Amino acid sequence: MPLSCSPTSAAAAAAASPGAARSGGLLRRSRPVPCVVRCKKIDSLRAINGALPCIPVSDRSLLTPVTLPVFQDPNTRNDTRLRIFSGTANPSLSQEIASYLGLELGKINIKRFADGEIYVQLQESVRGCDVFLVQPSCPPANENLMELLIMIDACRRASAKNITAVIPYFGYARADRKSQGRESIAAKLVANMITEAGANRVLVCDLHSSQAMGYFDIPVDHVYGQPVILDYLASKTICSNDLVVVSPDVGGVARARAFAKKLSDAPLAIVDKRRQGHNVAEVMNLIGDVRGKVAVMMDDMIDTAGTIAKGAELLHQEGAREVYACCTHAVFSPPAIERLSSGLFQEVIITNTIPLKEEKTFPQLTILSVANLLGETIWRVHDDCSVGHEPYSSLDID
């Protein structure tokens with residue numbers, strides 16, 4: 001029911017309670033009295049001539065339309081929500097990936113303080129964006145890994161919608177189990193650190209062992225770099241009947257078998273070795289026939305090249321005509337260059353998941369790019385499509 005309110009007289013309130021009083025010659029102020037409001041009930045609005053009263057409305061609008069300025073981020077390119085940022089580990093690969101996607105690399109400031117601490121600041125807004133951070137944990141592994149973690153944290157605090165860590169080479173992958181007592185499983189530790197930093201997804205290329213995907217509590221997209229090498233070998237004039245794929249150790253048999261199946265279903269040979277310690281290998285014997293054949297040794301990585309060099313010596317002793325060494329990750333720790341360039345190999349084929357310095361190159365070396373592979377996978381992840389795409393589909397490795 002509508003109410004009509006009328007305040008009491010201000011003068012009457014002042015008379016009932018004066019604002020000040022004399023006491024002992026001093027002016028003493030009394031406590032102010034609140035204003036009393038009296039409300040009385042009035043009757044309902046009555047209809048006039050059978051119609052309720054109404055407020056006349058003018059033909060003109062009382063409100064003038066106001067056009068508010070639209071603030072648009074100048075760094076936003078074609079309203080895309082896809083952002084590619086690069087760390088300092090492999091900027092050339094990141095640039096190739098961005099070029100494949102038709103984008104520019106995101107602006108980011110990465111620097112190191114005098115004491116070696118890493119500072120990361122994004123130079124453009126990523127709020128609500130799908131962010132991909134390209135950073136392999138190649139040597140120096142600890143520096144690059146810490147840089148990746150700080151990049152992830154910076155994107156998380158900048159309100160990125162999704163953060164995907166693109167790790168072409170996942171360091172610490174060899175420490176994936178306890179082969180002796182009182183050993184650490186560093187691969188699981190690194191996976192926990194990446195997850196806790198704020199990554200929503202991980203994209204890796206050729207893990208040392210596929211079971212390391214289970215160390216992550218977030219989705220993992222695992223792609224293989226071998227199809228890039230397969231395309232290159234298919235362009236060479238090598239008769240398929242002369243090919244044999246060789247696994248440098250028993251642990252890589254599944255990878256070599258899948259590679260041989262894709263390479264015209266070539267036969268498989270295995271080098272049986274006994275490892276005496278870390279980065280120390282001793283070849284025992286060869287399983288399979290390589291006499292008069294072109295042997296293609298396939299592995300996921302080459303570190304000191306001790307395993308693959310001794311395997312090549314054995315292949316030559318068994319009558320192999322030519323030996324090719326193929327791998328995805330070229331770590332090339334000393335003395336790998338001396339062993340690979342000693343004349344044992346017709347050609348050493350690697351990819352650019354790890355940047356290679358000029359002093360580590362030699363005449364027999366061929367470097368292939370995985371930028372198209374990673375770029376296509378990034379786009380399919382962003383577009384919520386399957387990453388099992390041709391020609392870079394899974395190798396069906398068990």
# chains A, B, ... in the order shown; residues from 1 in each chain; ligands from 1
>>> residues_around(residues="A:Glu147", least_positions_apart="4", cutoff="10 Å", atoms="only C-alpha atoms", output="ChimeraX atom specification")
/A:87-89,110-112,117-120,135,137,141-143,151-153
>>> closest_atom_pairs(of="stretch 219-256 of chain A", to="stretch 329-348 of chain A", cutoff="12 Å", atoms="only C-alpha atoms", output="CSV")
residue,atom,partner,partner_atom,distance
A:Tyr224,CA,A:His329,CA,11.1
A:Gly225,CA,A:His329,CA,9.0
A:Gln226,CA,A:His329,CA,10.7
A:Ile229,CA,A:Val348,CA,10.9
A:Tyr232,CA,A:Glu347,CA,12.0
A:Leu233,CA,A:Glu347,CA,10.9
A:Lys236,CA,A:Glu347,CA,11.7
>>> residues_around(residues="stretch 96-107 of chain A", least_positions_apart="3", cutoff="10 Å", atoms="only C-alpha atoms", output="PyMOL selection string")
chain A and resi 75+77+80+82-86+91-93+110+121-126+131-134+369-376+378-379
>>> write_last_selection(atoms="C-alpha atoms", output="PDB file, in the first residue's frame")
ATOM      1  CA  ASN A  75      48.198  -6.707 -29.846  1.00  0.00           C
ATOM      2  CA  ARG A  77      45.608 -10.210 -34.252  1.00  0.00           C
ATOM      3  CA  THR A  80      42.516 -15.031 -32.489  1.00  0.00           C
ATOM      4  CA  LEU A  82      45.805 -18.781 -30.049  1.00  0.00           C
ATOM      5  CA  ARG A  83      49.110 -17.542 -28.661  1.00  0.00           C
ATOM      6  CA  ILE A  84      52.598 -19.011 -29.212  1.00  0.00           C
ATOM      7  CA  PHE A  85      55.403 -17.994 -26.862  1.00  0.00           C
ATOM      8  CA  SER A  86      59.015 -19.110 -27.024  1.00  0.00           C
ATOM      9  CA  PRO A  91      63.761 -19.828 -30.510  1.00  0.00           C
ATOM     10  CA  SER A  92      64.407 -20.827 -34.141  1.00  0.00           C
ATOM     11  CA  LEU A  93      62.094 -23.847 -33.872  1.00  0.00           C
ATOM     12  CA  ILE A 110      62.946 -13.157 -20.308  1.00  0.00           C
ATOM     13  CA  GLN A 121      57.079 -10.982 -18.063  1.00  0.00           C
ATOM     14  CA  LEU A 122      54.490 -11.298 -20.825  1.00  0.00           C
ATOM     15  CA  GLN A 123      54.384  -8.220 -23.047  1.00  0.00           C
ATOM     16  CA  GLU A 124      50.820  -8.776 -24.278  1.00  0.00           C
ATOM     17  CA  SER A 125      47.487  -9.837 -22.835  1.00  0.00           C
ATOM     18  CA  VAL A 126      46.664 -13.553 -22.722  1.00  0.00           C
ATOM     19  CA  VAL A 131      48.597 -20.350 -24.825  1.00  0.00           C
ATOM     20  CA  PHE A 132      51.336 -22.681 -26.085  1.00  0.00           C
ATOM     21  CA  LEU A 133      54.806 -22.358 -24.576  1.00  0.00           C
ATOM     22  CA  VAL A 134      57.591 -23.876 -26.698  1.00  0.00           C
ATOM     23  CA  SER A 369      62.728 -29.775 -39.060  1.00  0.00           C
ATOM     24  CA  VAL A 370      59.791 -30.943 -36.946  1.00  0.00           C
ATOM     25  CA  ALA A 371      58.147 -27.498 -37.063  1.00  0.00           C
ATOM     26  CA  ASN A 372      55.341 -28.642 -39.385  1.00  0.00           C
ATOM     27  CA  LEU A 373      54.704 -31.685 -37.209  1.00  0.00           C
ATOM     28  CA  LEU A 374      54.456 -29.654 -34.000  1.00  0.00           C
ATOM     29  CA  GLY A 375      52.619 -26.779 -35.692  1.00  0.00           C
ATOM     30  CA  GLU A 376      49.922 -29.062 -37.085  1.00  0.00           C
ATOM     31  CA  ILE A 378      49.253 -27.430 -31.908  1.00  0.00           C
ATOM     32  CA  TRP A 379      46.526 -26.309 -34.291  1.00  0.00           C
TER      33      TRP A 379
END
>>> residues_around(residues="A:Asp265", least_positions_apart="6", cutoff="12 Å", atoms="only C-alpha atoms", output="VMD selection string")
chain A and resid 240 to 245 256 to 259
>>> closest_residue(among="A:Pro355, A:Gly388, A:Gly171, A:Gly311", to="A:Asp249", atoms="only C-alpha atoms")
A:Gly311
>>> closest_residue(among="A:Thr328, A:Asn109, A:Asn285, A:Ser209", to="A:Glu313", atoms="only C-alpha atoms")
A:Asn285
>>> closest_residue(among="A:Ile108, A:Ile167, A:Leu314, A:Cys327", to="A:Val223", atoms="only C-alpha atoms")
A:Ile167
>>> decode(residues="stretch 252-352 of chain A", atoms="C-alpha atoms", output="CSV table (one decimal), in the first residue's frame")
chain,number,residue,atom,x,y,z
A,252,GLY,CA,64.4,-49.8,-28.7
A,253,VAL,CA,63.0,-52.9,-30.4
A,254,ALA,CA,59.4,-51.7,-30.4
A,255,ARG,CA,60.4,-48.3,-31.9
A,256,ALA,CA,62.7,-49.9,-34.6
A,257,ARG,CA,60.0,-52.5,-35.5
A,258,ALA,CA,57.4,-49.8,-36.1
A,259,PHE,CA,59.9,-47.8,-38.1
A,260,ALA,CA,60.8,-50.8,-40.2
A,261,LYS,CA,57.1,-51.5,-40.9
A,262,LYS,CA,56.7,-48.0,-42.2
A,263,LEU,CA,59.9,-48.2,-44.2
A,264,SER,CA,58.6,-50.7,-46.9
A,265,ASP,CA,58.3,-53.4,-44.2
A,266,ALA,CA,62.1,-53.7,-44.0
A,267,PRO,CA,63.6,-56.6,-42.0
A,268,LEU,CA,64.8,-55.9,-38.4
A,269,ALA,CA,68.1,-56.5,-36.7
A,270,ILE,CA,69.0,-56.0,-33.0
A,271,VAL,CA,72.3,-55.1,-31.4
A,272,ASP,CA,72.6,-56.9,-28.0
A,273,LYS,CA,74.6,-54.8,-25.6
A,274,ARG,CA,75.5,-54.8,-21.9
A,275,ARG,CA,75.7,-51.4,-20.2
A,276,GLN,CA,78.4,-51.2,-17.6
A,277,GLY,CA,77.4,-47.8,-16.3
A,278,HIS,CA,75.8,-44.5,-17.3
A,279,ASN,CA,77.0,-43.4,-20.8
A,280,VAL,CA,79.1,-46.6,-20.9
A,281,ALA,CA,78.1,-49.4,-23.3
A,282,GLU,CA,79.6,-52.7,-24.4
A,283,VAL,CA,78.3,-54.5,-27.5
A,284,MET,CA,78.0,-58.2,-27.3
A,285,ASN,CA,76.5,-59.6,-30.5
A,286,LEU,CA,74.1,-59.0,-33.4
A,287,ILE,CA,70.7,-60.6,-33.9
A,288,GLY,CA,69.8,-60.6,-37.6
A,289,ASP,CA,71.4,-60.5,-41.0
A,290,VAL,CA,73.0,-57.3,-42.3
A,291,ARG,CA,75.5,-58.6,-44.8
A,292,GLY,CA,75.5,-56.5,-48.0
A,293,LYS,CA,72.6,-54.4,-46.7
A,294,VAL,CA,72.1,-50.7,-46.0
A,295,ALA,CA,71.7,-50.6,-42.2
A,296,VAL,CA,69.5,-47.8,-40.8
A,297,MET,CA,70.1,-47.5,-37.0
A,298,MET,CA,67.1,-45.9,-35.3
A,299,ASP,CA,67.0,-44.4,-31.8
A,300,ASP,CA,65.1,-41.7,-30.0
A,301,MET,CA,68.2,-39.8,-28.9
A,302,ILE,CA,72.0,-39.7,-29.2
A,303,ASP,CA,73.9,-38.4,-26.2
A,304,THR,CA,77.6,-39.4,-26.2
A,305,ALA,CA,77.1,-41.7,-29.2
A,306,GLY,CA,78.8,-44.6,-27.5
A,307,THR,CA,76.0,-47.1,-28.1
A,308,ILE,CA,75.4,-46.2,-31.7
A,309,ALA,CA,79.1,-46.0,-32.6
A,310,LYS,CA,79.9,-49.4,-31.2
A,311,GLY,CA,76.8,-50.8,-32.9
A,312,ALA,CA,78.0,-49.3,-36.2
A,313,GLU,CA,81.4,-51.0,-35.7
A,314,LEU,CA,79.7,-54.3,-35.2
A,315,LEU,CA,77.5,-53.8,-38.3
A,316,HIS,CA,80.6,-53.1,-40.5
A,317,GLN,CA,82.2,-56.3,-39.1
A,318,GLU,CA,79.1,-58.3,-40.0
A,319,GLY,CA,79.3,-57.0,-43.6
A,320,ALA,CA,76.9,-54.1,-43.8
A,321,ARG,CA,77.5,-52.0,-46.9
A,322,GLU,CA,76.4,-48.6,-45.5
A,323,VAL,CA,75.3,-47.5,-42.1
A,324,TYR,CA,72.9,-44.6,-41.5
A,325,ALA,CA,72.3,-43.2,-38.0
A,326,CYS,CA,68.9,-41.7,-37.3
A,327,CYS,CA,67.5,-40.1,-34.1
A,328,THR,CA,65.0,-37.4,-33.0
A,329,HIS,CA,67.0,-35.8,-30.2
A,330,ALA,CA,70.6,-34.8,-30.8
A,331,VAL,CA,72.0,-34.1,-27.4
A,332,PHE,CA,75.6,-34.7,-28.6
A,333,SER,CA,77.5,-34.6,-25.4
A,334,PRO,CA,81.3,-34.9,-25.8
A,335,PRO,CA,82.8,-37.0,-27.4
A,336,ALA,CA,79.7,-37.6,-29.6
A,337,ILE,CA,81.0,-35.4,-32.5
A,338,GLU,CA,84.3,-37.3,-32.8
A,339,ARG,CA,82.5,-40.6,-32.8
A,340,LEU,CA,79.9,-39.7,-35.3
A,341,SER,CA,82.3,-38.0,-37.7
A,342,SER,CA,84.9,-40.8,-37.6
A,343,GLY,CA,83.7,-42.4,-40.9
A,344,LEU,CA,81.5,-45.1,-39.5
A,345,PHE,CA,78.3,-43.5,-40.8
A,346,GLN,CA,77.3,-42.7,-44.3
A,347,GLU,CA,75.0,-40.1,-42.9
A,348,VAL,CA,73.7,-39.0,-39.5
A,349,ILE,CA,70.1,-37.8,-39.7
A,350,ILE,CA,68.6,-35.8,-36.8
A,351,THR,CA,65.8,-33.3,-36.1
A,352,ASN,CA,65.9,-29.8,-34.7
